[in-house]
Every structure is written in C-alpha cells, then in structure tokens.
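Text of the file upload_39.cif, holding mmCIF, C-alpha atoms, pLDDT in the B column; chains and numbers go by the auth columns:
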data_structure
loop_
_atom_site.group_PDB
_atom_site.id
_atom_site.type_symbol
_atom_site.label_atom_id
_atom_site.label_comp_id
_atom_site.label_asym_id
_atom_site.label_seq_id
_atom_site.Cartn_x
_atom_site.Cartn_y
_atom_site.Cartn_z
_atom_site.B_iso_or_equiv
_atom_site.auth_seq_id
_atom_site.auth_asym_id
ATOM 1 C CA MET A 1 122.863 57.726 116.013 39.00 91 Z
ATOM 2 C CA PRO A 2 120.482 59.961 114.051 46.00 92 Z
ATOM 3 C CA ASN A 3 121.814 63.331 112.892 58.00 93 Z
ATOM 4 C CA GLU A 4 120.397 65.679 115.523 58.00 94 Z
ATOM 5 C CA ASN A 5 121.089 68.773 113.490 67.00 95 Z
ATOM 6 C CA THR A 6 119.078 67.435 110.595 83.00 96 Z
ATOM 7 C CA ASP A 7 116.254 66.711 113.005 86.00 97 Z
ATOM 8 C CA ALA A 8 116.379 70.248 114.432 89.00 98 Z
ATOM 9 C CA GLU A 9 116.569 71.655 110.917 91.00 99 Z
ATOM 10 C CA ALA A 10 113.550 69.624 109.789 92.00 100 Z
ATOM 11 C CA LYS A 11 111.495 70.886 112.734 92.00 101 Z
ATOM 12 C CA LEU A 12 112.446 74.509 112.158 93.00 102 Z
ATOM 13 C CA LYS A 13 111.667 74.135 108.449 93.00 103 Z
ATOM 14 C CA LYS A 14 108.276 72.652 109.301 93.00 104 Z
ATOM 15 C CA LEU A 15 107.580 75.605 111.577 93.00 105 Z
ATOM 16 C CA GLY A 16 108.661 78.021 108.831 92.00 106 Z
ATOM 17 C CA GLU A 17 106.380 76.404 106.247 90.00 107 Z
ATOM 18 C CA ARG A 18 103.412 76.552 108.614 92.00 108 Z
ATOM 19 C CA VAL A 19 104.088 80.148 109.645 91.00 109 Z
ATOM 20 C CA ARG A 20 104.492 81.352 106.049 87.00 110 Z
ATOM 21 C CA ASP A 21 101.366 79.469 105.018 87.00 111 Z
ATOM 22 C CA GLY A 22 99.466 80.960 107.969 90.00 112 Z
ATOM 23 C CA LEU A 23 100.678 84.454 107.059 87.00 113 Z
ATOM 24 C CA ALA A 24 99.542 83.967 103.455 84.00 114 Z
ATOM 25 C CA LYS A 25 96.110 82.732 104.597 86.00 115 Z
ATOM 26 C CA ARG A 26 95.679 85.554 107.060 87.00 116 Z
ATOM 27 C CA HIS A 27 96.762 88.212 104.574 86.00 117 Z
ATOM 28 C CA PRO A 28 95.265 87.460 101.172 86.00 118 Z
ATOM 29 C CA VAL A 29 96.630 89.007 97.991 89.00 119 Z
ATOM 30 C CA PRO A 30 95.178 92.524 97.546 87.00 120 Z
ATOM 31 C CA GLU A 31 92.549 92.519 94.779 83.00 121 Z
ATOM 32 C CA GLN A 32 93.566 95.893 93.333 89.00 122 Z
ATOM 33 C CA SER A 33 96.912 94.408 92.218 92.00 123 Z
ATOM 34 C CA LEU A 34 95.273 92.786 89.195 94.00 124 Z
ATOM 35 C CA GLU A 35 93.992 96.168 88.035 95.00 125 Z
ATOM 36 C CA ALA A 36 97.513 97.590 88.483 95.00 126 Z
ATOM 37 C CA VAL A 37 98.837 94.767 86.276 96.00 127 Z
ATOM 38 C CA ARG A 38 96.235 95.487 83.566 96.00 128 Z
ATOM 39 C CA GLN A 39 97.083 99.185 83.693 96.00 129 Z
ATOM 40 C CA THR A 40 100.808 98.428 83.342 96.00 130 Z
ATOM 41 C CA VAL A 41 100.139 96.227 80.270 97.00 131 Z
ATOM 42 C CA ARG A 42 98.124 99.043 78.637 97.00 132 Z
ATOM 43 C CA GLU A 43 100.818 101.643 79.415 96.00 133 Z
ATOM 44 C CA GLU A 44 103.621 99.457 78.066 94.00 134 Z
ATOM 45 C CA TRP A 45 101.632 98.628 74.943 94.00 135 Z
ATOM 46 C CA GLN A 46 100.925 102.337 74.389 95.00 136 Z
ATOM 47 C CA ARG A 47 104.599 103.163 74.874 93.00 137 Z
ATOM 48 C CA GLU A 48 105.584 100.514 72.288 90.00 138 Z
ATOM 49 C CA GLN A 49 103.044 101.844 69.783 91.00 139 Z
ATOM 50 C CA THR A 50 104.377 105.385 70.217 92.00 140 Z
ATOM 51 C CA ALA A 51 107.959 104.158 69.755 89.00 141 Z
ATOM 52 C CA LYS A 52 106.957 102.214 66.599 86.00 142 Z
ATOM 53 C CA ARG A 53 105.192 105.256 65.143 86.00 143 Z
ATOM 54 C CA ALA A 54 108.219 107.428 65.892 87.00 144 Z
ATOM 55 C CA LYS A 55 110.475 104.859 64.189 83.00 145 Z
ATOM 56 C CA ARG A 56 108.275 104.844 61.064 83.00 146 Z
ATOM 57 C CA ILE A 57 108.245 108.636 60.864 80.00 147 Z
ATOM 58 C CA ALA A 58 111.952 109.171 61.564 75.00 148 Z
ATOM 59 C CA PRO A 59 113.342 107.883 58.165 65.00 149 Z
ATOM 60 C CA ASP A 60 110.832 110.046 56.260 58.00 150 Z
ATOM 61 C CA VAL A 61 112.074 113.128 58.057 56.00 151 Z
ATOM 62 C CA THR A 62 115.648 112.305 57.032 55.00 152 Z
ATOM 63 C CA LYS A 63 114.564 111.769 53.410 58.00 153 Z
ATOM 64 C CA THR A 64 112.718 115.095 53.385 57.00 154 Z
ATOM 65 C CA ARG A 65 115.765 116.820 54.789 57.00 155 Z
ATOM 66 C CA ASP A 66 117.943 115.196 52.080 57.00 156 Z
ATOM 67 C CA ARG A 67 115.646 116.604 49.438 59.00 157 Z
ATOM 68 C CA GLU A 68 115.823 120.125 50.813 60.00 158 Z
ATOM 69 C CA PRO A 69 118.118 122.466 48.855 62.00 159 Z
ATOM 70 C CA PRO A 70 121.282 123.547 50.672 62.00 160 Z
ATOM 71 C CA GLU A 71 121.224 126.847 52.479 64.00 161 Z
ATOM 72 C CA PRO A 72 122.572 129.640 50.321 63.00 162 Z
ATOM 73 C CA GLU A 73 126.030 130.768 51.299 62.00 163 Z
ATOM 74 C CA ARG A 74 126.309 134.275 52.617 56.00 164 Z
ATOM 75 C CA MET B 1 99.596 76.242 83.598 75.00 291 D
ATOM 76 C CA ASP B 2 102.747 76.358 81.473 89.00 292 D
ATOM 77 C CA ILE B 3 104.078 79.664 82.775 93.00 293 D
ATOM 78 C CA ILE B 4 107.100 79.979 80.497 94.00 294 D
ATOM 79 C CA LYS B 5 104.893 79.338 77.451 95.00 295 D
ATOM 80 C CA ALA B 6 102.625 82.197 78.548 95.00 296 D
ATOM 81 C CA VAL B 7 105.640 84.471 79.074 95.00 297 D
ATOM 82 C CA LYS B 8 107.118 83.616 75.653 95.00 298 D
ATOM 83 C CA THR B 9 103.766 84.206 73.938 95.00 299 D
ATOM 84 C CA TYR B 10 103.439 87.519 75.775 95.00 300 D
ATOM 85 C CA ARG B 11 106.879 88.566 74.503 92.00 301 D
ATOM 86 C CA LEU B 12 105.893 87.845 70.909 92.00 302 D
ATOM 87 C CA THR B 13 102.325 89.024 70.677 92.00 303 D
ATOM 88 C CA PRO B 14 101.670 92.605 69.619 90.00 304 D
ATOM 89 C CA ALA B 15 97.892 92.418 70.335 94.00 305 D
ATOM 90 C CA LEU B 16 96.779 94.285 73.452 96.00 306 D
ATOM 91 C CA ASP B 17 93.812 92.027 74.243 96.00 307 D
ATOM 92 C CA GLN B 18 96.006 88.920 74.097 96.00 308 D
ATOM 93 C CA ARG B 19 98.661 90.565 76.258 96.00 309 D
ATOM 94 C CA LEU B 20 96.022 91.478 78.839 97.00 310 D
ATOM 95 C CA ARG B 21 94.769 87.889 78.947 97.00 311 D
ATOM 96 C CA LEU B 22 98.288 86.443 79.253 96.00 312 D
ATOM 97 C CA ALA B 23 99.357 88.985 81.897 96.00 313 D
ATOM 98 C CA GLU B 24 96.313 88.018 83.958 96.00 314 D
ATOM 99 C CA GLU B 25 97.171 84.315 83.678 95.00 315 D
ATOM 100 C CA ILE B 26 100.774 84.994 84.706 96.00 316 D
ATOM 101 C CA PHE B 27 99.619 87.195 87.593 96.00 317 D
ATOM 102 C CA HIS B 28 97.334 84.443 88.955 93.00 318 D
ATOM 103 C CA GLU B 29 100.257 82.039 88.827 93.00 319 D
ATOM 104 C CA ILE B 30 102.816 84.258 90.613 94.00 320 D
ATOM 105 C CA LYS B 31 100.616 86.226 93.029 93.00 321 D
ATOM 106 C CA SER B 32 100.526 83.829 96.006 88.00 322 D
ATOM 107 C CA PRO B 33 104.230 82.841 96.045 88.00 323 D
ATOM 108 C CA LEU B 34 105.407 86.450 95.622 92.00 324 D
ATOM 109 C CA HIS B 35 102.931 87.847 98.113 92.00 325 D
ATOM 110 C CA GLY B 36 103.976 85.194 100.646 87.00 326 D
ATOM 111 C CA PHE B 37 107.633 86.032 100.024 88.00 327 D
ATOM 112 C CA ILE B 38 107.029 89.737 100.734 91.00 328 D
ATOM 113 C CA VAL B 39 104.581 89.299 103.642 89.00 329 D
ATOM 114 C CA GLY B 40 107.276 87.155 105.298 85.00 330 D
ATOM 115 C CA ARG B 41 109.717 90.061 105.162 87.00 331 D
ATOM 116 C CA LEU B 42 107.754 93.274 105.681 91.00 332 D
ATOM 117 C CA LYS B 43 105.036 94.503 107.974 90.00 333 D
ATOM 118 C CA LEU B 44 101.598 95.235 106.590 88.00 334 D
ATOM 119 C CA PRO B 45 100.375 97.439 104.957 91.00 335 D
ATOM 120 C CA SER B 46 103.818 98.154 103.436 93.00 336 D
ATOM 121 C CA ALA B 47 104.050 94.518 102.292 94.00 337 D
ATOM 122 C CA ASP B 48 100.955 94.975 100.124 94.00 338 D
ATOM 123 C CA ASP B 49 102.324 98.178 98.580 95.00 339 D
ATOM 124 C CA VAL B 50 105.678 96.537 97.833 96.00 340 D
ATOM 125 C CA PHE B 51 103.895 93.485 96.394 96.00 341 D
ATOM 126 C CA GLN B 52 101.987 95.753 94.031 96.00 342 D
ATOM 127 C CA GLU B 53 105.224 97.466 92.969 97.00 343 D
ATOM 128 C CA ALA B 54 106.841 94.073 92.383 97.00 344 D
ATOM 129 C CA VAL B 55 104.040 92.670 90.195 97.00 345 D
ATOM 130 C CA LYS B 56 103.957 95.913 88.225 97.00 346 D
ATOM 131 C CA ALA B 57 107.735 95.685 87.677 97.00 347 D
ATOM 132 C CA VAL B 58 107.422 92.039 86.563 97.00 348 D
ATOM 133 C CA THR B 59 104.641 92.981 84.126 97.00 349 D
ATOM 134 C CA LYS B 60 106.467 96.036 82.818 96.00 350 D
ATOM 135 C CA ASP B 61 109.613 94.038 82.007 95.00 351 D
ATOM 136 C CA LEU B 62 107.962 90.845 80.708 95.00 352 D
ATOM 137 C CA THR B 63 109.003 91.668 77.152 91.00 353 D
ATOM 138 C CA GLN B 64 112.613 92.153 78.316 92.00 354 D
ATOM 139 C CA PHE B 65 112.848 88.809 80.157 94.00 355 D
ATOM 140 C CA LYS B 66 115.425 86.732 78.267 90.00 356 D
ATOM 141 C CA GLY B 67 115.079 83.377 80.054 91.00 357 D
ATOM 142 C CA ASP B 68 113.833 80.162 78.590 91.00 358 D
ATOM 143 C CA SER B 69 112.606 78.049 81.505 93.00 359 D
ATOM 144 C CA ASP B 70 110.200 78.122 84.442 93.00 360 D
ATOM 145 C CA LYS B 71 113.165 78.081 86.805 90.00 361 D
ATOM 146 C CA GLU B 72 114.728 81.166 85.227 93.00 362 D
ATOM 147 C CA PHE B 73 111.393 82.952 85.257 94.00 363 D
ATOM 148 C CA TRP B 74 110.803 82.258 88.961 93.00 364 D
ATOM 149 C CA ALA B 75 114.358 83.317 89.824 91.00 365 D
ATOM 150 C CA TRP B 76 113.786 86.535 87.880 94.00 366 D
ATOM 151 C CA CYS B 77 110.451 87.212 89.652 95.00 367 D
ATOM 152 C CA TYR B 78 111.916 86.563 93.100 92.00 368 D
ATOM 153 C CA GLY B 79 114.907 88.756 92.209 92.00 369 D
ATOM 154 C CA ILE B 80 112.559 91.634 91.415 96.00 370 D
ATOM 155 C CA ALA B 81 110.565 91.057 94.619 95.00 371 D
ATOM 156 C CA ARG B 82 113.762 90.888 96.684 92.00 372 D
ATOM 157 C CA ASN B 83 115.042 94.152 95.183 93.00 373 D
ATOM 158 C CA LYS B 84 111.743 95.870 95.905 96.00 374 D
ATOM 159 C CA VAL B 85 111.829 94.647 99.527 93.00 375 D
ATOM 160 C CA ASN B 86 115.440 95.817 99.949 91.00 376 D
ATOM 161 C CA ASP B 87 114.697 99.201 98.344 94.00 377 D
ATOM 162 C CA HIS B 88 111.814 99.628 100.750 96.00 378 D
ATOM 163 C CA LEU B 89 113.880 98.597 103.780 92.00 379 D
ATOM 164 C CA ARG B 90 116.601 101.097 102.863 91.00 380 D
ATOM 165 C CA LYS B 91 113.965 103.843 103.094 92.00 381 D
ATOM 166 C CA GLN B 92 111.962 102.390 105.989 91.00 382 D
ATOM 167 C CA ALA B 93 114.019 99.952 108.051 89.00 383 D
ATOM 168 C CA SER B 94 111.366 99.819 110.770 91.00 384 D
ATOM 169 C CA ASP B 95 109.026 98.006 108.359 90.00 385 D
ATOM 170 C CA ARG B 96 111.071 94.814 108.645 87.00 386 D
ATOM 171 C CA LEU B 97 108.956 91.961 110.005 84.00 387 D
ATOM 172 C CA GLN B 98 110.190 91.373 113.545 82.00 388 D
ATOM 173 C CA PRO B 99 110.471 87.973 115.233 82.00 389 D
ATOM 174 C CA MET B 100 107.085 87.021 116.676 86.00 390 D
ATOM 175 C CA GLU B 101 106.157 85.671 120.062 87.00 391 D
ATOM 176 C CA PRO B 102 105.746 81.868 120.280 88.00 392 D
ATOM 177 C CA ASP B 103 101.979 82.252 120.819 89.00 393 D
ATOM 178 C CA GLU B 104 101.658 84.292 117.671 90.00 394 D
ATOM 179 C CA LEU B 105 103.649 81.722 115.711 90.00 395 D
ATOM 180 C CA LEU B 106 101.442 78.936 117.018 89.00 396 D
ATOM 181 C CA GLN B 107 98.342 80.864 115.986 91.00 397 D
ATOM 182 C CA LEU B 108 99.746 81.193 112.474 90.00 398 D
ATOM 183 C CA ALA B 109 100.445 77.452 112.411 91.00 399 D
ATOM 184 C CA GLU B 110 96.828 76.880 113.481 90.00 400 D
ATOM 185 C CA THR B 111 95.652 79.149 110.651 91.00 401 D
ATOM 186 C CA SER B 112 97.670 77.013 108.260 89.00 402 D
ATOM 187 C CA ALA B 113 96.144 73.875 109.808 88.00 403 D
ATOM 188 C CA GLN B 114 92.680 74.896 108.581 85.00 404 D
ATOM 189 C CA SER B 115 93.515 73.559 105.135 84.00 405 D
ATOM 190 C CA SER B 116 96.192 71.037 106.067 84.00 406 D
ATOM 191 C CA PRO B 117 95.586 69.605 109.562 88.00 407 D
ATOM 192 C CA LEU B 118 98.441 69.186 112.025 88.00 408 D
ATOM 193 C CA SER B 119 99.128 65.662 113.231 92.00 409 D
ATOM 194 C CA PRO B 120 100.077 65.125 116.896 92.00 410 D
ATOM 195 C CA GLU B 121 103.649 64.573 115.675 94.00 411 D
ATOM 196 C CA ASP B 122 103.577 67.881 113.768 92.00 412 D
ATOM 197 C CA ARG B 123 102.429 69.660 116.906 92.00 413 D
ATOM 198 C CA MET B 124 105.279 68.190 118.919 93.00 414 D
ATOM 199 C CA ASP B 125 107.762 69.187 116.223 93.00 415 D
ATOM 200 C CA LEU B 126 106.435 72.749 116.161 93.00 416 D
ATOM 201 C CA GLN B 127 106.644 73.010 119.946 93.00 417 D
ATOM 202 C CA HIS B 128 110.200 71.727 119.795 92.00 418 D
ATOM 203 C CA ALA B 129 111.130 74.242 117.085 93.00 419 D
ATOM 204 C CA LEU B 130 109.596 77.086 119.094 93.00 420 D
ATOM 205 C CA LYS B 131 111.538 76.030 122.180 92.00 421 D
ATOM 206 C CA MET B 132 114.760 76.041 120.158 91.00 422 D
ATOM 207 C CA LEU B 133 114.058 79.566 118.922 91.00 423 D
ATOM 208 C CA THR B 134 113.260 80.758 122.436 90.00 424 D
ATOM 209 C CA ALA B 135 116.219 79.048 124.084 89.00 425 D
ATOM 210 C CA ALA B 136 118.837 80.228 121.566 90.00 426 D
ATOM 211 C CA LYS B 137 120.907 83.337 122.240 90.00 427 D
ATOM 212 C CA PRO B 138 119.531 86.482 120.533 90.00 428 D
ATOM 213 C CA GLU B 139 121.989 86.415 117.619 91.00 429 D
ATOM 214 C CA CYS B 140 121.335 82.736 116.938 93.00 430 D
ATOM 215 C CA SER B 141 117.610 83.059 117.397 91.00 431 D
ATOM 216 C CA ASP B 142 117.673 85.852 114.830 90.00 432 D
ATOM 217 C CA PHE B 143 119.644 83.772 112.322 93.00 433 D
ATOM 218 C CA LEU B 144 117.383 80.751 112.792 93.00 434 D
ATOM 219 C CA TRP B 145 114.260 82.924 112.562 90.00 435 D
ATOM 220 C CA GLN B 146 115.351 84.593 109.349 89.00 436 D
ATOM 221 C CA HIS B 147 116.627 81.443 107.671 92.00 437 D
ATOM 222 C CA PHE B 148 114.080 78.833 108.707 91.00 438 D
ATOM 223 C CA VAL B 149 110.956 80.789 109.551 88.00 439 D
ATOM 224 C CA LEU B 150 111.118 83.625 107.031 85.00 440 D
ATOM 225 C CA GLY B 151 112.894 81.510 104.427 85.00 441 D
ATOM 226 C CA LEU B 152 115.818 83.860 103.652 86.00 442 D
ATOM 227 C CA ASP B 153 118.588 81.909 101.944 88.00 443 D
ATOM 228 C CA TYR B 154 122.308 82.124 102.783 92.00 444 D
ATOM 229 C CA SER B 155 123.025 84.666 100.029 88.00 445 D
ATOM 230 C CA GLU B 156 120.265 86.997 101.184 84.00 446 D
ATOM 231 C CA LEU B 157 121.470 86.803 104.784 88.00 447 D
ATOM 232 C CA ALA B 158 125.069 87.379 103.679 91.00 448 D
ATOM 233 C CA GLU B 159 124.072 90.467 101.702 84.00 449 D
ATOM 234 C CA GLU B 160 121.868 91.827 104.444 80.00 450 D
ATOM 235 C CA ARG B 161 124.479 91.375 107.185 86.00 451 D
ATOM 236 C CA ASN B 162 127.430 92.211 105.002 88.00 452 D
ATOM 237 C CA ILE B 163 129.231 88.954 105.768 93.00 453 D
ATOM 238 C CA SER B 164 130.321 86.110 103.502 95.00 454 D
ATOM 239 C CA TYR B 165 128.092 83.276 102.337 95.00 455 D
ATOM 240 C CA ASP B 166 130.319 80.719 104.083 96.00 456 D
ATOM 241 C CA ASN B 167 130.244 82.734 107.277 96.00 457 D
ATOM 242 C CA VAL B 168 126.422 82.633 107.242 95.00 458 D
ATOM 243 C CA ARG B 169 126.417 78.901 106.506 95.00 459 D
ATOM 244 C CA MET B 170 128.805 78.206 109.400 96.00 460 D
ATOM 245 C CA LYS B 171 126.959 80.480 111.823 95.00 461 D
ATOM 246 C CA ILE B 172 123.639 78.785 111.092 95.00 462 D
ATOM 247 C CA GLY B 173 125.282 75.367 111.507 93.00 463 D
ATOM 248 C CA ARG B 174 126.716 76.397 114.874 94.00 464 D
ATOM 249 C CA CYS B 175 123.403 77.934 115.957 93.00 465 D
ATOM 250 C CA LEU B 176 121.636 74.697 115.108 91.00 466 D
ATOM 251 C CA ASP B 177 124.204 72.750 117.160 90.00 467 D
ATOM 252 C CA THR B 178 123.746 75.041 120.131 89.00 468 D
ATOM 253 C CA ALA B 179 119.955 75.092 119.910 86.00 469 D
ATOM 254 C CA GLN B 180 119.879 71.320 119.684 84.00 470 D
ATOM 255 C CA ALA B 181 122.248 70.963 122.640 86.00 471 D
ATOM 256 C CA LEU B 182 120.088 73.265 124.763 80.00 472 D
ATOM 257 C CA MET B 183 117.108 71.010 124.144 75.00 473 D
ATOM 258 C CA ALA B 184 118.948 67.778 125.023 71.00 474 D
#
What's the structure tokens form of this structure?
Amino acid sequence: MPNENTDAEAKLKKLGERVRDGLAKRHPVPEQSLEAVRQTVREEWQREQTAKRAKRIAPDVTKTRDREPPEPER
Amino acid sequence: MDIIKAVKTYRLTPALDQRLRLAEEIFHEIKSPLHGFIVGRLKLPSADDVFQEAVKAVTKDLTQFKGDSDKEFWAWCYGIARNKVNDHLRKQASDRLQPMEPDELLQLAETSAQSSPLSPEDRMDLQHALKMLTAAKPECSDFLWQHFVLGLDYSELAEERNISYDNVRMKIGRCLDTAQALMA
C-alpha cells in the first residue's frame, strides 16, 4: 500500500512551490534595491578608509606625546 | 556563478570599483530567492521594504562573513532575512501574510504555469492539496499552510509558536494524517 502521507505531503509541497513561484512572478524584485546595495558598499568602504586613516595617525600621536616634556611640578 | 568565490574575493579586495562589481554580482544571485522568501511571509509593500533592509544587511556584513562554502553563505543570507522578517513582525504583526482563499492560490499557480506549464496530473494534485487545506481544522490548516505553502521549516515554526521542534514535527505529521483521512 503506498504511503498516503507521503502522497499528501508531495501534493502540498507541489502547491507550495507553485504558489511561491507565482508570488515571485507577480511581485518582481524592486529595482531600487540594487542602488541601495551600491550605496551600502560605498558607505562601508568609506568607513573602512576612515578607520585605516585613524589607525595610521594614532601611533604618531602617542609618539608625539612621548616626546613632550613632563609637566612641571607645582 | 561561483557565489562563494565572489564573496571571498569581496572580503579580500580593498578596491571600491571591484567591490561594487562583486556586490552587484552577489545581489543578482541572491535577489530572487531572498525576495521570494520574504514575499512568502509578509504582505506588500512591507515585504519589499524588509527585502531591501535584508540585502543591505547582507552587503554591509559581507566582509565579516566567516564561512567557506555556498551552503554556509546561503544559510547566513536566509538567517539575516529571517531575522529581518521577525523584527518587522514584532513591530507590525498585522503584516504577516495570511492564508489565502483557494481561488487566489489557484491563480498564483496559474501565474507560475506561464513559465512552467501544469500537466493535467499537476492540476489534480493542486486541487487535492487545496481540498486538504480547506477540509483541515483551523489549527491544522494553519500548520500545513505555513509549512508546505509558505515553506517555513520546523525550527522556524517552533520558534514562532514557542513550542519544541519535535512537537511541531509531530503536529504536522498528525495534521497530514487527518487531512489525508478526510479526503479518503
């Protein structure tokens, strides 16, 4: 005797695939999303560059501080 | 397209123009599956907004992604999309996609048939599936709708309903039994 549950499951899965495919066809991906992706890449890249610059400058500041004479005691 | 290769190259390259090109390639690869995933869970136009948030989050964290395979990358993308959907539903529960009427479901199946025609056997199977959904008790119909039609897996259903994974698995099994028996 065939497994009836598997048969029911297969039919429901087939319906699900068709419905999800129909939904995707009826509602295409919004075009402006690609521009949002490009903008995010630019922002992240800019953020990385700023962080790198800050990292390069930070050790110099420490060195400069090391070279400064100590504050006179009062 | 070798998606994981594009992701790995993106992680390593410091050049903006190359990152833009790779991000576009990755976007074209993930857009339809992720959009379908979200449109199957939320009403429009919220689904489009959440999709945009999800692809932005994927892009923003591409350099942080630690995986090494296509499978890990897809799991990571779907994880982000799922979190965005859940965040949205916590704020706006009424945006959840509600079960549709059989006629509406058939129309969607017909839309799908434009690119991949339905055989007479397919049509009979779809009718049978719709009858099972209609005949099942509300709780079962809801489980079957979410699992089979929307494609939510056991873990997602368990989290959403605050019950265990095994409980979901058993409930869906029982609902299938009952739906099948009603059709006999």
Output the contact residues of chain Z with respect to chain D at a cut-off of 8 Å, based on only C-alpha atoms, as an MDAnalysis selection string.
chainID Z and resid 94:95 98:99 101:117 119:120 123:124 126:128 130:132 134:135
Keeping C-alpha atoms for every residue in the selection just given, could you write it to a file as an mmCIF file, keeping the file's coordinate frame?
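Listed below is the output, part28.cif:
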data_model
loop_
_atom_site.group_PDB
_atom_site.id
_atom_site.type_symbol
_atom_site.label_atom_id
_atom_site.label_comp_id
_atom_site.auth_asym_id
_atom_site.auth_seq_id
_atom_site.Cartn_x
_atom_site.Cartn_y
_atom_site.Cartn_z
ATOM 1 C CA GLU Z 94 120.397 65.679 115.523
ATOM 2 C CA ASN Z 95 121.089 68.773 113.490
ATOM 3 C CA ALA Z 98 116.379 70.248 114.432
ATOM 4 C CA GLU Z 99 116.569 71.655 110.917
ATOM 5 C CA LYS Z 101 111.495 70.886 112.734
ATOM 6 C CA LEU Z 102 112.446 74.509 112.158
ATOM 7 C CA LYS Z 103 111.667 74.135 108.449
ATOM 8 C CA LYS Z 104 108.276 72.652 109.301
ATOM 9 C CA LEU Z 105 107.580 75.605 111.577
ATOM 10 C CA GLY Z 106 108.661 78.021 108.831
ATOM 11 C CA GLU Z 107 106.380 76.404 106.247
ATOM 12 C CA ARG Z 108 103.412 76.552 108.614
ATOM 13 C CA VAL Z 109 104.088 80.148 109.645
ATOM 14 C CA ARG Z 110 104.492 81.352 106.049
ATOM 15 C CA ASP Z 111 101.366 79.469 105.018
ATOM 16 C CA GLY Z 112 99.466 80.960 107.969
ATOM 17 C CA LEU Z 113 100.678 84.454 107.059
ATOM 18 C CA ALA Z 114 99.542 83.967 103.455
ATOM 19 C CA LYS Z 115 96.110 82.732 104.597
ATOM 20 C CA ARG Z 116 95.679 85.554 107.060
ATOM 21 C CA HIS Z 117 96.762 88.212 104.574
ATOM 22 C CA VAL Z 119 96.630 89.007 97.991
ATOM 23 C CA PRO Z 120 95.178 92.524 97.546
ATOM 24 C CA SER Z 123 96.912 94.408 92.218
ATOM 25 C CA LEU Z 124 95.273 92.786 89.195
ATOM 26 C CA ALA Z 126 97.513 97.590 88.483
ATOM 27 C CA VAL Z 127 98.837 94.767 86.276
ATOM 28 C CA ARG Z 128 96.235 95.487 83.566
ATOM 29 C CA THR Z 130 100.808 98.428 83.342
ATOM 30 C CA VAL Z 131 100.139 96.227 80.270
ATOM 31 C CA ARG Z 132 98.124 99.043 78.637
ATOM 32 C CA GLU Z 134 103.621 99.457 78.066
ATOM 33 C CA TRP Z 135 101.632 98.628 74.943
#
Evaluate the PyMOL selection byres ((chain D and resi 296) around 10) and record the selected residues as an NGL selection string, following the chain and residue labels used in the document.
:D and (291-295 or 297-301 or 309 or 311-313 or 315-316)
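Taking CA of Asp97 (chain Z) as the reference point, CA of Tyr368 (chain D) is found at 28.4 Å.
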Counting all atoms listed in the file, which of D:Ala425, D:Ala448, D:Ile453, D:Val340 gets nearest to Ala371 (chain D)?
D:Val340
Could you please determine the separation between CA of Asp385 (chain D) and CA of Leu332 (chain D) in Å, to one decimal place?
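Between CA of Asp385 (chain D) and CA of Leu332 (chain D) the gap is 5.6 Å.
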Expressed in Å, the length from CA of Lys461 (chain D) to CA of Asp377 (chain D) is 26.1 Å
